[in-house]
Structure formats: structure tokens, C-alpha cells
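Below is one structure, written out as C-alpha cells; comments come after it.
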Amino acid sequence: MNDVVKIIFKRLGLGLVTLLVISVIIFSAVEMLPGDIAQAVLGQGATKENVAAMREQLGLDRPAVVRYFEWLGNAVTGDFGHSLVSQKQVSSAISERFANTLFLALYAAVIAVPVAILLGVLTALWRNTPFDRVANVATLTSISSPEFFLGYILILFLSVKTGYFPSLAKINAEMGFFEKLERMFLPALTMVLVVVAHMMRMTRSAIINLLASPYIEMARLKGVPGWRIITHHALPNAWAPIINVIALNLAYLVTGVVLVEVVFVFPGIGQMLVDSVTKRDFPVVQACCLIFAATFILLNLAADVGAILTNPRLRHPK
Amino acid sequence: MSKETKPELIEQMASEAKNGRISRREFLQYALAAGITASSGSLLWSSEVAAASPKRGGTFRWGIHDGNTSDTHDPGTYVTRQMIFLAHQYRSYLTLIESDNSLGPDLATEWEAAPGAKQWTFKLNKNATFHSGRKVTANDVVASINHHRGEKTTSAAKALLSDVEDVVADDDHTVTFKLSSGNADLPWLMTDYHFAICPANADGTIDWKSGDGCGPYKIESGEFGVSWNLSRHNGWHGEGAYFDAVEMTVLNDPNARQTALVTGDVDCVSLVDLKTLSLLKRNPNIEIDNVPSGAAITLPMFCDTAPFNDVNVRNALKLSIDRQEIVDKIAFGAATMGNDFHLAPGQPYFPESIPQREYDPDKAKALLKKAGAEGLTVSLSTADSVFSGAVDMCVLYAEQAKRAGIKINVVREPNDGYYSDVWLKKPFSAVSWGSRPTPDVMFTLAYKHDAAWNESHWQNDRFNELLMQAKAELDQGLRGEMYNEMCQLMRDDGGTVIPFFNNFVSARSKKVMHGPELAASWTCDGARAPSRWWFA
């Protein structure tokens with residue numbers, strides 16, 4: 001068990017280094033974009049003096065390296081700075097939106113993960129039957145369609161034609177939990193449709209791979225029923241690749257939602273990131289990207305730890 | 001009682017009643033006399049008449065386009081529609097554009113110029129208050145205008161006030177503007193969305209951060225780029241503000257906007273996707289407002305570059321464009337034909353008397369012959385980013401010009417950097433302009449001989465002379481004549497083909513009512529729908 005803790009700490013340390021590298025990349029990427037915040041905010045009609053005055057106010061006339069280390073120095077102490085445009089504290093500007101995004105991701109995950117694993121197990125059990133074919137075609141179709149298209153289709157049938165669910169996922173802090181769930185159902189469903197196929201197919205193939213193993217054959221000869229072979233003998237050994245794919249998809253649920261946010265007018269972090277990039281609002285871009293990067297790092301870590309814990313050979317190395 | 005069988009008499013009575021000439025009781029009496037039962041007469045009253053007179057109450061849910069999470073309350077950097085629309089609700093201006101496109105009072109009740117228009121005095125409304133309860137005084141106005149002036153300002157509206165030398169408060173409710181040169185349009189200029197009046201701080205700066213204002217609605221809560229909840233400001237100095245509350249939701253995606261309107265999540269949307277306009281029109285619960293605006297699409301030609309240095313060639317190109325077809329096919333009918341002068345119907349001083357230029361390839365041919373330029377070949381630069389359909393429009397124009405024997409090569413330029421690398425650099429290009437409040441601002445910006453943005457390199461002495469004269473002319477009649485002549489000069493000598501002016505196309509639920517006219521300054525009645533419209 002100590003080894004697992006050691007691994008976690010090692011990986012967290014490496015994660016911090018990764019974040020540092022990412023922050024440098026993002027800073028230089030924003031610097032390399034044509035134009036700067038003063039031009040973006042003031043628009044086409046701005047005069048040279050206007051732009052110069054704003055640059056001076058925001059401290060953009062200083063060298064890039066100085067600005068980066070100043071930001072880094074503050075970030076290390078937990079201060080992510082102020083948005084250059086709105087002057088608001090970045091952490092307070094982001095926190096509510098990030099909470100919304102996390103909530104949506106969690107909502108989608110709570111539906112998608114069990115559905116995907118169940119479908120995966122069932123399609124492995126009834127492989128090459130019409131059920132398997134239909135489930136495969138349906139999920140592959142949904143993963144192959146762009147999210148905004150899926151969103152529009154859902155809006156058309158579940159909102160415009162039937163009126164079952166609202167098309168606008170407008171939520172705010174005063175809303176009750178269940179009202180939020182209802183308002184967010186369509187975006188959550190869209191994301192479920194996007195991620196289910198990947199997880200389901202990985203579950204299916206991981207299990208089918210194992211079904212050819214001698215110990216499964218043995219179980220079958222003993223007369224163990226098909227579903228029990230899968231849940232008791234195959235699945236426990238197939239967890240590692242499945243957990244990996246789940247982690248990857250969970251990360252996607254957090255970071256890949258910009259289009260879904262636009263289609264359903266959901267106040268998440270993706271739209272904020274896009275707006276900040278167009279305005280070259282570096283502190284906000286940096287904070288959003290680091291959150292995304294940290295999400296990936298943590299979920300990957302969780303996947304590796306999960307793989308170790310579900311595998312006795314890795315849990316008790318010689 | 002269905003609409004088809006309604007007797008003319010009733011219709012006439014309904015219109016009398018709408019104009020307030022007869023009361024509900026009289027209406028019902030006459031209706032009874034005309035053989036209509038009391039109940040259907042009463043129904044008629046409510047459907048026909050009551051709807052036309054404003055009623056208080058309700059929450060107006062307004063879906064708006066073009067909102068950004070990084071917007072701010074700073075009036076100097078308002079740029080998105082979200083902030084422009086919001087500004088007309090929570091803040092006030094000195095003057096405003098009425099629904100009939102005339103200039104009307106907002107915070108200023110009256111204004112007067114000294115002869116020569118080098119000095120303007122505005123009298124403020126003594127009842128005006130900020131949402132915080134404080135009275136609006138001349139100091140607030142001075143600070144708010146100074147926010148856009150001086151060395152240190154970051155305001156995008158600085159150039160508009162370049163000839164303002166000083167702004168002083170004469171007393172608590174009088175403000176005087178001192179100008180370096182006469183400008184008869186200053187009261188019009190004060191309707192610009194940047195010049196919102198904010199509460200002054202003690203040091204002469206303004207407090208824009210708090211979001212306090214003196215407009216018809218105050219901000220209860222909201223988030224940039226998401227939504228705003230507003231409630232009626234009971235101390236507002238103006239007429240209207242019939243809704244109890246206004247809920248503005250940023251809906252940047254055209255499909256999300258339309259769906260929200262169709263499913264009843266909002267009562268009105270500020271912009272409709274033209275491609276699906278005809279489908280939306282079929283919805284019986286939705287009303288479309290299609291209002292001509294001053295936002296022009298122009299095709300400037302360099303008047304100092306061959307072959308455009310010959311006025312006959314320029315006019316031949318102006319005659320070889322079929323504007324009606326372009327309005328129908330490119331703008332899906334939601335546009336108003338241009339007439340090669342940069343002033344749209346509905347804008348001040350629009351010259352009604354100048355005839356519309358028609359598509360006439362034969363006349364164009366004759367002009368080319370006169371110029372010795374038969375078989376003319378020109379290149380027209382354009383890009384998709386100019387406006388949706390810009391490339392298509394130029395290709396269509398090229399087809400139309402073939403009949404006049406002109407070959408137009410449509411050059412598709414990159415979207416990125418179009419306005420820095422193509423506009424003002426290539427001799428013939430497509431450009432999209434926003435609306436400007438007065439002809440003076442527009443002409444000075446893009447047609448004056450020394451203007452930095454003189455996109456057609458047009459030099460016309462008479463035009464420039466008239467422009468300077470008209471600027472300081474306070475007699476409206478004389479000014480109108482001058483602008484009339486200037487427009488004629490642009491049309492017949494200028495170097496700009498103006499295919500059309502965009503319309504503002506918004507849509508609302510049938511429950512939402514408005515007066516007979518709609519301002520052309522912004523979409524949704526000059527962005528003042530919340531304070532001017534009402535629920536039936």
C-alpha cells in the first residue's frame with residue numbers, strides 16, 4: 001500500500017512540473033496571438049493614443065518575461081491575479097462557472113458511466129447478436145455526430161416538438177437542485193451520447209479479450225452461467241483499460257464542452273475561456289487552461305491508481 | 001366573430017378607439033347598436049383596442065445576441081450589443097432617438113446653441129435620479145463626458161469629441177459645451193451609446209464600476225455574457241417603462257435564440273437568422289420586426305486610380321448592379337436598396353427627392369463607350385468576414401455586370417486582417433459600415449477629402465465646402481438642402497457603389513406590443529424595447 005502512496009506523491013510532483021510547463025506554453029501562445037488586449041477591447045475605431053493609454057494602465061508596456069514571472073510569483077502564493085478586462089479577481093470570476101461545468105460533467109458522468117459499462121457487459125455477453133449490433137451502431141452514430149448537431153436534434157425533438165425539456169440550460173445559484181437537473185437535462189444527455197460509445201466499446205472488447213483465456217474456459221466447463229462468468233471472472237481482470245477510458249472521458253466532459261455550452265446557453269467555463277482568448281485576457285486564459293490541465297493530470301493519476309488497486313499483481317509486487 | 005366577416009363600421013370604430021377618440025363604454029354601445037352581442041363586442045375591445053394602449057406589468061424576457069463574458073460597465077469600452085442594449089436600460093443619455101427617428105429629450109429637457117453652433121447649453125431634467133436615490137446634477141454630466149476626453153482616456157469615443165474644448169456646469173442643472181468649431185449636430189452626437197451619464201466621484205472621475213445609473217431599469221443581479229435581471233426604477237424621469245422587470249439573456253447562437261423564442265423561453269430576440277426568416281414567419285405566435293437601418297454595405301473605388309478616375313466608368317459600374325436582386329437573394333429581403341449616397345431612409349436629412357438608381361446595363365454600356373472603356377475588366381476584393389454573403393453578393397454583381405459588357409473578377413481575400421490589408425489598400429473592395437447618428441459624422445469619417453478613412457479617395461471641392469458649411473448651420477431647412485446636394489454629388493460623382501443598407505430584423509411573441517413606429521438607431525426600437533414596449 002505504501003507504494004501506492006509513494007506513486008501518488010511522485011505523480012503529483014510531476015503534475016506540478018507539467019502545470020508549470022503548460023503555463024509557459026499558454027503565456028507564450030497568448031503573447032504570439034496578433035494584437036493585444038488594448039486593441040481587442042477598444043476595437044477598430046481606437047486611436048493610437050487610446051491604445052497606448054490602455055496599455056500603460058494595464059502594465060502591458062513592460063517586457064513579457066517580467067509580466068510572466070510577476071504572474072507566476074503571485075500564482076504560487078494562490079493569487080491568480082485580476083482579469084485585465086473586468087478587473088475582477090480571477091478566482092471569483094471563474095469559481096461559479098467552473099462549479100457549473102463540474103456539475104454538468106458530474107451529471108453526465110453519473111448517467112454515462114453506468115450505462116456504458118452495463119451496455120459493454122451486455123454486448124459482450126450477447127456478442128454478435130442483433131442487440132450487440134444495434135447498440136454498436138447507435139452509439140457509434142452518436143459519437144460520430146458533432147456535439148452541436150446532436151444538441152440541435154435533441155432540442156428539436158425533446159423541446160420544440162414535444163416541449164418535454166427546456167432548450168435553454170439557464171441556471172443560477174437560487175435554483176433548486178431538481179430544477180437545475182431538469183434545465184440541464186438536454187446538455188447532459190448530449191454529452192452522455194458523445195462519451196458512451198467509447199467507454200462501452202472498451203468494456204466490450206476488454207471482456208471479450210479475456211473470454212478466450214483458459215481460466216474462463218475452466219469456469220464455463222464448471223457450468224458457471226454466462227453473466228456470472230463476466231461479472232465474477234472477466235470484469236475484475238478487465239478493469240484497468242476500462243478505468244483508463246473512463247478517466248479520459250471524464251476529463252473530456254470537463255474540458256470539451258464549449259460547443260454544448262453555446263448550443264444550450266449554459267454558463268460554464270468553456271465560453272469564458274473562448275471570450276478571454278478573443279480579448280487576450282491572459283490571467284483568465286491561464287487560469288482556465290491550468291484548471292483543464294489539472295483535471296487531466298488528476299484523472300490520469302486516478303486511473304493509474306485505480307488500475308493498480310484492481311490488479312493484485314501490481315498491488316503486491318515481488 | 002372572425003376577421004373576415006367584421007363589418008367595416010366596427011373596424012373604423014376600433015381605429016377610432018385606438019386613437020383614444022372613443023371610450024370603451026361608447027365602443028360597446030356602438031357595437032351593440034351595430035348588432036354585435038355584448039360579449040363579442042367586449043372581446044373585440046380587448047383584442048383590438050386595449051392592445052394598442054400601453055399597459056403596465058409583466059417581465060419582459062429578452063434574448064440578445066453578441067454578449068461577451070469579458071465585457072465591463074465602462075461606457076468608454078462598450079463594444080458588444082450586450083452592453084449597448086444594457087446601457088439603454090440602466091443608464092440615461094442627454095438626448096435620445098425617438099421611435100419616429102427624431103431627436104428627443106432624455107436627461108436634457110431642452111438644448112440651445114449660440115449662433116455659429118460653437119457653444120451648446122443643455123438644461124437637465126430636475127426630477128432625474130440615480131438608482132441609488134441621488135439626484136442627477138450637472139457635475140455628473142461633466143464627469144461623464146470628460147471620461148471620454150483628455151490624454152489619459154481609454155474611451156473609443158474620444159474622436160467623436162475631438163472638437164469639444166470644454167464642458168462646464170453653469171449651475172446644478174445646466175451644462176455648457178464649448179467647441180473649437182461649430183457643430184450643429186452636437187445634440188445628435190449625445191445619443192451615441194458611449195455617452196452614458198454615470199454618477200460622478202468627488203475627484204471628477206465617474207463611478208462606472210458599481211453599475212449605478214439613471215435609466216428606466218436598475219440592475220438587480222447579472223453576469224456579463226450570461227444574463228441580467230433588471231427591475232423598474234421608480235424614480236425614472238421619462239415616460240414608459242411599462243414592464244415591472246426585464247430579464248436579458250445572452251443567446252449568442254442563432255439557433256438557440258430562435259428556439260428560445262419558439263418554445264416561449266423568451267418574449268423577444270434581438271436578431272433573427274435571415275436564412276430561416278421565411279420559416280419563422282410561418283409561426284402564428286411570432287411577429288417579425290424588419291426595420292431599415294443606417295448600416296451600409298459599400299463598394300468603394302479609388303477615384304484617383306485608373307480606370308475609376310473617369311466618372312463615366314464609376315457611373316457605369318453603379319448602373320450595372322441590380323440592387324433588387326441582391327436584396328432579394330443575398331439579404332433574403334431584409335435590406336433596403338442603396339442609392340449610392342451614404343444615408344439611409346429613416347436617418348436625419350434623408351433626401352426623399354433623389355430618384356432611386358435602377359439597373360440599366362444599356363445606359364452603362366453607353367457610358368463606357370463615352371469613356372472609351374468598352375470591355376472593361378476590374379477586380380473586386382471581398383471576404384466572407386465582411387458580412388455573411390459578401391462573396392456571393394460580389395459574384396452575383398459580376399454576373400449582372402456581364403450584361404453591360406463589364407468583366408468583374410471577384411477576388412476572395414483572407415478573412416484575417418481584411419480591414420488592415422485590403423480595405424483602403426485595394427482599389428475596389430467590399431466594406432461593411434456600422435450606422436452613424438448623423439450624415440455629418442458619416443461624411444466626415446469616410447468622404448471628406450482629407451479623411452483617413454476616405455475609402456474611395458474622392459475629392460470634390462463643392463462637397464467638401466458644403467460639408468463644412470452644413471456642420472455649423474443651425475437652420476434646419478438650409479441644412480437639409482445642403483445634405484440634399486451633397487447626396488446628389490455622391491450619387492452622381494462619387495466613387496462608392498452602395499448595394500444596400502442592412503435591416504434590423506428582430507422577432508417577438510405576439511403578446512408583446514409596440515407603437516406604430518420603430519427607431520432605426522439600433523435593433524428593437526433603438527434598443528429601448530424594454531422602456532417603450534408592453535404586454536397586450
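Following the order of the C-alpha cells, chains are lettered A, B, ..., residues in each are numbered from 1, and ligands are numbered from 1.
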
| said: Distance limit 8 Å, atoms considered: only C-alpha atoms. Which chain A residues sit that close to chain B? Return them as number ranges by chain. | reply: A: 41-43, 45-47, 49-51, 53-54, 85-86, 159-160, 163, 166-168, 262-265, 267, 271-272, 275-276, 279

Given the selection you just returned, output its residues as a file containing N, CA, C and O atoms, formatted as a compact mmCIF listing (two decimals), in the first residue's frame.
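So the final result, stored in again-v2.txt, reads:
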```txt
# COMPACT_ATOMS: atom_id res chain seq x y z
N VAL A 41 -10.05 45.26 -26.91
CA VAL A 41 -11.12 45.89 -26.14
C VAL A 41 -11.61 47.16 -26.83
O VAL A 41 -12.80 47.42 -26.89
N LEU A 42 -10.69 47.94 -27.37
CA LEU A 42 -11.09 49.24 -27.92
C LEU A 42 -11.66 49.12 -29.32
O LEU A 42 -12.35 50.02 -29.79
N GLY A 43 -11.37 48.02 -30.02
CA GLY A 43 -11.99 47.82 -31.33
C GLY A 43 -11.30 48.61 -32.43
O GLY A 43 -10.25 49.22 -32.24
N GLY A 45 -12.17 51.32 -34.07
CA GLY A 45 -12.19 52.77 -34.12
C GLY A 45 -11.17 53.44 -33.20
O GLY A 45 -11.09 54.65 -33.13
N ALA A 46 -10.37 52.64 -32.48
CA ALA A 46 -9.47 53.22 -31.47
C ALA A 46 -8.33 53.99 -32.11
O ALA A 46 -7.81 53.62 -33.15
N THR A 47 -7.93 55.06 -31.44
CA THR A 47 -6.78 55.81 -31.92
C THR A 47 -5.53 55.27 -31.25
O THR A 47 -5.61 54.50 -30.29
N GLU A 49 -3.36 56.87 -29.43
CA GLU A 49 -3.21 57.34 -28.04
C GLU A 49 -4.07 56.51 -27.08
O GLU A 49 -3.64 56.18 -25.99
N ASN A 50 -5.31 56.20 -27.56
CA ASN A 50 -6.21 55.35 -26.78
C ASN A 50 -5.53 54.08 -26.36
O ASN A 50 -5.49 53.69 -25.20
N VAL A 51 -4.98 53.38 -27.39
CA VAL A 51 -4.37 52.07 -27.18
C VAL A 51 -3.18 52.20 -26.23
O VAL A 51 -3.03 51.41 -25.30
N ALA A 53 -2.67 54.50 -23.99
CA ALA A 53 -3.12 54.82 -22.63
C ALA A 53 -3.58 53.56 -21.91
O ALA A 53 -3.28 53.34 -20.74
N MET A 54 -4.29 52.70 -22.64
CA MET A 54 -4.78 51.49 -22.00
C MET A 54 -3.64 50.52 -21.68
O MET A 54 -3.63 49.90 -20.62
N VAL A 85 -9.55 42.71 -18.22
CA VAL A 85 -10.68 43.44 -18.79
C VAL A 85 -11.63 43.92 -17.69
O VAL A 85 -11.91 45.10 -17.57
N SER A 86 -12.11 42.99 -16.88
CA SER A 86 -13.14 43.37 -15.91
C SER A 86 -12.57 43.79 -14.57
O SER A 86 -13.28 44.29 -13.72
N SER A 159 -37.63 19.35 -27.22
CA SER A 159 -38.01 20.66 -26.74
C SER A 159 -39.03 21.33 -27.66
O SER A 159 -40.15 21.61 -27.27
N VAL A 160 -38.64 21.56 -28.92
CA VAL A 160 -39.52 22.30 -29.82
C VAL A 160 -40.79 21.50 -30.14
O VAL A 160 -41.90 22.00 -30.01
N GLY A 163 -41.87 19.67 -26.17
CA GLY A 163 -41.88 20.53 -25.00
C GLY A 163 -41.57 19.81 -23.69
O GLY A 163 -41.91 20.30 -22.63
N PRO A 166 -36.67 22.11 -21.30
CA PRO A 166 -36.34 23.45 -21.78
C PRO A 166 -35.11 23.42 -22.70
O PRO A 166 -34.20 22.62 -22.47
N SER A 167 -35.11 24.26 -23.72
CA SER A 167 -33.97 24.28 -24.64
C SER A 167 -32.84 25.14 -24.10
O SER A 167 -31.69 24.97 -24.49
N LEU A 168 -33.16 26.07 -23.20
CA LEU A 168 -32.12 26.91 -22.63
C LEU A 168 -31.72 26.33 -21.28
O LEU A 168 -32.57 26.16 -20.41
N VAL A 262 -22.49 26.51 -25.90
CA VAL A 262 -23.02 27.51 -26.82
C VAL A 262 -24.43 27.13 -27.25
O VAL A 262 -25.35 27.94 -27.22
N VAL A 263 -24.61 25.87 -27.61
CA VAL A 263 -25.90 25.44 -28.14
C VAL A 263 -26.99 25.59 -27.08
O VAL A 263 -28.10 26.04 -27.36
N PHE A 264 -26.67 25.25 -25.83
CA PHE A 264 -27.69 25.29 -24.79
C PHE A 264 -27.60 26.53 -23.91
O PHE A 264 -28.28 26.64 -22.89
N VAL A 265 -26.73 27.46 -24.26
CA VAL A 265 -26.54 28.69 -23.50
C VAL A 265 -26.33 28.37 -22.02
O VAL A 265 -27.00 28.86 -21.14
N PRO A 267 -24.03 28.51 -18.71
CA PRO A 267 -22.95 29.38 -18.23
C PRO A 267 -21.77 28.61 -17.64
O PRO A 267 -21.54 28.64 -16.45
N GLN A 271 -17.12 28.79 -22.43
CA GLN A 271 -17.42 30.04 -23.10
C GLN A 271 -16.53 31.16 -22.56
O GLN A 271 -16.07 32.02 -23.30
N MET A 272 -16.28 31.11 -21.27
CA MET A 272 -15.44 32.13 -20.66
C MET A 272 -14.02 32.07 -21.24
O MET A 272 -13.41 33.10 -21.52
N ASP A 275 -14.08 33.55 -24.80
CA ASP A 275 -14.18 35.01 -24.75
C ASP A 275 -12.87 35.64 -24.31
O ASP A 275 -12.45 36.67 -24.84
N SER A 276 -12.22 35.01 -23.34
CA SER A 276 -10.97 35.59 -22.82
C SER A 276 -9.87 35.51 -23.86
O SER A 276 -9.03 36.40 -23.94
N LYS A 279 -10.27 38.29 -26.28
CA LYS A 279 -9.89 39.59 -25.71
C LYS A 279 -8.43 39.59 -25.26
O LYS A 279 -7.95 40.57 -24.72
```

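With only C-alpha atoms as the atoms that count, the minimum distance from Ala93 in chain A to the choices A:Leu273, A:Asn311, A:Leu301, A:His233 is reached by A:Leu273.
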
| request: Write out as an NGL selection string each polymer residue whose atoms come within 9 Å of Arg204 in chain A, counting only C-alpha atoms; drop sequence neighbours fewer than 5 positions from it. | output: :A and (117 or 119-125 or 127 or 199 or 209)

Emit the selected residues as a PDB file, in the first residue's frame, including N, CA and C atoms.
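Resulting contents of part30.pdb:
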```
ATOM      1  N   ILE A 117     -20.995   0.949 -19.034  1.00  0.00           N
ATOM      2  CA  ILE A 117     -20.461  -0.328 -18.541  1.00  0.00           C
ATOM      3  C   ILE A 117     -21.505  -1.429 -18.685  1.00  0.00           C
ATOM      4  N   LEU A 119     -23.968  -1.521 -20.849  1.00  0.00           N
ATOM      5  CA  LEU A 119     -24.076  -1.856 -22.271  1.00  0.00           C
ATOM      6  C   LEU A 119     -22.878  -2.692 -22.716  1.00  0.00           C
ATOM      7  N   GLY A 120     -21.703  -2.318 -22.213  1.00  0.00           N
ATOM      8  CA  GLY A 120     -20.489  -3.057 -22.582  1.00  0.00           C
ATOM      9  C   GLY A 120     -20.580  -4.510 -22.143  1.00  0.00           C
ATOM     10  N   VAL A 121     -21.014  -4.695 -20.902  1.00  0.00           N
ATOM     11  CA  VAL A 121     -21.127  -6.063 -20.379  1.00  0.00           C
ATOM     12  C   VAL A 121     -22.171  -6.845 -21.184  1.00  0.00           C
ATOM     13  N   LEU A 122     -23.314  -6.207 -21.440  1.00  0.00           N
ATOM     14  CA  LEU A 122     -24.392  -6.902 -22.157  1.00  0.00           C
ATOM     15  C   LEU A 122     -23.987  -7.249 -23.588  1.00  0.00           C
ATOM     16  N   THR A 123     -23.293  -6.281 -24.249  1.00  0.00           N
ATOM     17  CA  THR A 123     -22.906  -6.581 -25.631  1.00  0.00           C
ATOM     18  C   THR A 123     -21.836  -7.658 -25.671  1.00  0.00           C
ATOM     19  N   ALA A 124     -21.003  -7.727 -24.612  1.00  0.00           N
ATOM     20  CA  ALA A 124     -20.004  -8.802 -24.571  1.00  0.00           C
ATOM     21  C   ALA A 124     -20.690 -10.143 -24.345  1.00  0.00           C
ATOM     22  N   LEU A 125     -21.704 -10.095 -23.492  1.00  0.00           N
ATOM     23  CA  LEU A 125     -22.428 -11.319 -23.177  1.00  0.00           C
ATOM     24  C   LEU A 125     -23.184 -11.830 -24.400  1.00  0.00           C
ATOM     25  N   ARG A 127     -22.666 -11.094 -27.595  1.00  0.00           N
ATOM     26  CA  ARG A 127     -21.927 -10.564 -28.735  1.00  0.00           C
ATOM     27  C   ARG A 127     -22.403 -11.214 -30.029  1.00  0.00           C
ATOM     28  N   MET A 199     -16.560   4.355 -24.038  1.00  0.00           N
ATOM     29  CA  MET A 199     -16.442   3.540 -22.812  1.00  0.00           C
ATOM     30  C   MET A 199     -17.082   2.168 -23.021  1.00  0.00           C
ATOM     31  N   ASN A 209     -11.763 -10.035 -24.951  1.00  0.00           N
ATOM     32  CA  ASN A 209     -10.364 -10.482 -24.962  1.00  0.00           C
ATOM     33  C   ASN A 209     -10.126 -11.574 -23.935  1.00  0.00           C
TER      34      ASN A 209
END
```

| task | Please run DSSP on the backbone and report, as a PyMOL selection string, all residues within range 137-213 of chain B that come out as helix (DSSP H, G or I). | result | chain B and resi 138-146+158-161+186-189

| message | Can you measure CA of Ala451 in chain B to CA of Phe302 in chain B for me? One decimal in Å is fine. | response |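 Rounded to one decimal, the two atoms are 13.8 Å apart.
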
| field | Nearby residues (only C-alpha atoms) at most 7 Å from range 177-187 of chain B, same-chain spacing under 2 positions excluded, as a count of residues only | value | 20

| message | Between CA of Gln324 in chain B and CA of Thr377 in chain B, what distance in Å does the model show, to one decimal? | response |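 A separation of 23.6 Å between them.
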
| task | Kindly give the distance, in Å, that separates CA of Ala520 in chain B and CA of Thr191 in chain B, rounded to a single decimal. | result |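 Here the two named atoms are 12.7 Å from each other.
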
| task | Pick out the residues sitting within 10 Å of Gly211 in chain B, and hand them over as a ChimeraX atom specification; count only C-alpha atoms, and ignore anything fewer than 5 positions along from it in its own chain. | result | /B:72-74,87,90-91,131,198-199,218-219

Based on the selection just made, write N, CA, C and O atoms of those residues as an mmCIF file, in the first residue's frame.
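This went into result_11.cif:
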```
data_model
loop_
_atom_site.group_PDB
_atom_site.id
_atom_site.type_symbol
_atom_site.label_atom_id
_atom_site.label_comp_id
_atom_site.auth_asym_id
_atom_site.auth_seq_id
_atom_site.Cartn_x
_atom_site.Cartn_y
_atom_site.Cartn_z
ATOM 1 N N THR B 72 -17.478 44.966 -19.721
ATOM 2 C CA THR B 72 -17.469 45.693 -18.447
ATOM 3 C C THR B 72 -18.492 46.828 -18.491
ATOM 4 O O THR B 72 -19.059 47.123 -19.536
ATOM 5 N N HIS B 73 -18.680 47.474 -17.335
ATOM 6 C CA HIS B 73 -19.605 48.604 -17.242
ATOM 7 C C HIS B 73 -18.981 49.914 -17.722
ATOM 8 O O HIS B 73 -19.627 50.950 -17.675
ATOM 9 N N ASP B 74 -17.709 49.886 -18.148
ATOM 10 C CA ASP B 74 -17.052 51.125 -18.558
ATOM 11 C C ASP B 74 -17.646 51.613 -19.879
ATOM 12 O O ASP B 74 -17.477 50.970 -20.908
ATOM 13 N N ALA B 87 -26.965 49.260 -21.699
ATOM 14 C CA ALA B 87 -26.738 50.670 -21.392
ATOM 15 C C ALA B 87 -28.017 51.484 -21.561
ATOM 16 O O ALA B 87 -28.279 52.415 -20.803
ATOM 17 N N TYR B 90 -30.120 50.663 -18.104
ATOM 18 C CA TYR B 90 -29.744 51.078 -16.754
ATOM 19 C C TYR B 90 -29.124 52.461 -16.726
ATOM 20 O O TYR B 90 -28.953 53.023 -15.650
ATOM 21 N N ARG B 91 -28.780 53.011 -17.877
ATOM 22 C CA ARG B 91 -28.223 54.359 -17.888
ATOM 23 C C ARG B 91 -29.044 55.266 -18.795
ATOM 24 O O ARG B 91 -29.845 54.793 -19.596
ATOM 25 N N HIS B 131 -30.163 55.295 -9.508
ATOM 26 C CA HIS B 131 -30.826 54.198 -8.803
ATOM 27 C C HIS B 131 -30.513 54.233 -7.309
ATOM 28 O O HIS B 131 -31.276 53.757 -6.488
ATOM 29 N N CYS B 198 -23.068 58.712 -15.884
ATOM 30 C CA CYS B 198 -22.804 57.899 -14.694
ATOM 31 C C CYS B 198 -22.608 58.834 -13.503
ATOM 32 O O CYS B 198 -22.308 60.009 -13.688
ATOM 33 N N PRO B 199 -22.756 58.317 -12.279
ATOM 34 C CA PRO B 199 -22.553 59.180 -11.116
ATOM 35 C C PRO B 199 -21.091 59.642 -11.004
ATOM 36 O O PRO B 199 -20.178 58.847 -11.198
ATOM 37 N N LYS B 218 -33.171 49.297 -13.136
ATOM 38 C CA LYS B 218 -31.929 49.139 -12.367
ATOM 39 C C LYS B 218 -31.535 47.673 -12.314
ATOM 40 O O LYS B 218 -32.383 46.777 -12.391
ATOM 41 N N ILE B 219 -30.229 47.457 -12.186
ATOM 42 C CA ILE B 219 -29.714 46.092 -12.184
ATOM 43 C C ILE B 219 -29.955 45.451 -10.824
ATOM 44 O O ILE B 219 -29.536 45.979 -9.795
#
```

| Residues near Asp440 in chain B, cut-off 9 Å, only C-alpha atoms, skip fewer than 4 positions along chain, as a list in words |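 The contact residues come out as Asp185, Arg436, Thr444, Leu445, Leu467, Ala470, Lys471 and Tyr483 of chain B.
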
Please dump the current selection as a tab-separated table (two decimals), in the first residue's frame; keep N, CA and C atoms.
```
chain	number	residue	atom	x	y	z
B	185	ASP	N	-24.65	69.40	-34.90
B	185	ASP	CA	-25.13	68.05	-34.59
B	185	ASP	C	-24.83	67.61	-33.18
B	436	ARG	N	-24.08	55.44	-38.36
B	436	ARG	CA	-23.65	56.62	-37.63
B	436	ARG	C	-24.86	57.52	-37.43
B	444	THR	N	-17.92	62.99	-42.74
B	444	THR	CA	-16.61	63.44	-42.28
B	444	THR	C	-15.66	62.25	-42.14
B	445	LEU	N	-16.23	61.12	-41.73
B	445	LEU	CA	-15.42	59.93	-41.49
B	445	LEU	C	-14.90	59.32	-42.78
B	467	LEU	N	-19.89	70.46	-46.82
B	467	LEU	CA	-19.76	69.69	-45.57
B	467	LEU	C	-19.39	70.62	-44.41
B	470	ALA	N	-22.42	73.02	-43.69
B	470	ALA	CA	-23.58	72.36	-43.07
B	470	ALA	C	-23.30	72.05	-41.61
B	471	LYS	N	-22.04	71.75	-41.30
B	471	LYS	CA	-21.69	71.37	-39.94
B	471	LYS	C	-22.10	72.42	-38.92
B	483	TYR	N	-27.46	68.95	-47.40
B	483	TYR	CA	-27.26	67.50	-47.42
B	483	TYR	C	-27.85	66.88	-48.67
```

| task | Can you check which residues of range 360-439 of chain B DSSP gives as strand (DSSP E or B) on the backbone and send them as a ChimeraX atom specification? | result | /B:377-382,407-412,428-429,431-432

| task | Fewer than 3 positions away in the same chain doesn't count, so skip those; otherwise give me all residues within 12 Å of Leu368 in chain B, counting only C-alpha atoms, as a list in words. | result | Pro307, Phe308, Asp310, Val311, Asn312, Val313, Arg314, Asn315, Ala316, Leu317, Lys318, Leu319, Ser320, Pro361, Asp362, Lys363, Ala364, Lys365, Ala371, Gly372, Ala373, Glu374, Gly375, Leu376, Thr377, Ala404, Gly405 and Ile406 of chain B

Write out, as JSON lines, each residue of range 203-275 of chain B that has an atom at most 9 Å from range 99-111 of chain B, together with the closest pair of atoms and their distance in Å to one decimal, counting only C-alpha atoms, rows going by chain and rising number.
```
{"residue": "B:Cys214", "atom": "CA", "partner": "B:Leu107", "partner_atom": "CA", "distance": 8.8}
{"residue": "B:His237", "atom": "CA", "partner": "B:Leu107", "partner_atom": "CA", "distance": 7.6}
{"residue": "B:Gly238", "atom": "CA", "partner": "B:Asp106", "partner_atom": "CA", "distance": 7.0}
```

| task | Select, from B:Gly526, B:Gly389, B:Gly346, B:Gly240, the residue with the minimum atom-to-atom distance to Ala331 in chain B, counting only C-alpha atoms. | result |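 Result for the nearest residue to Ala331 in chain B: B:Gly389.
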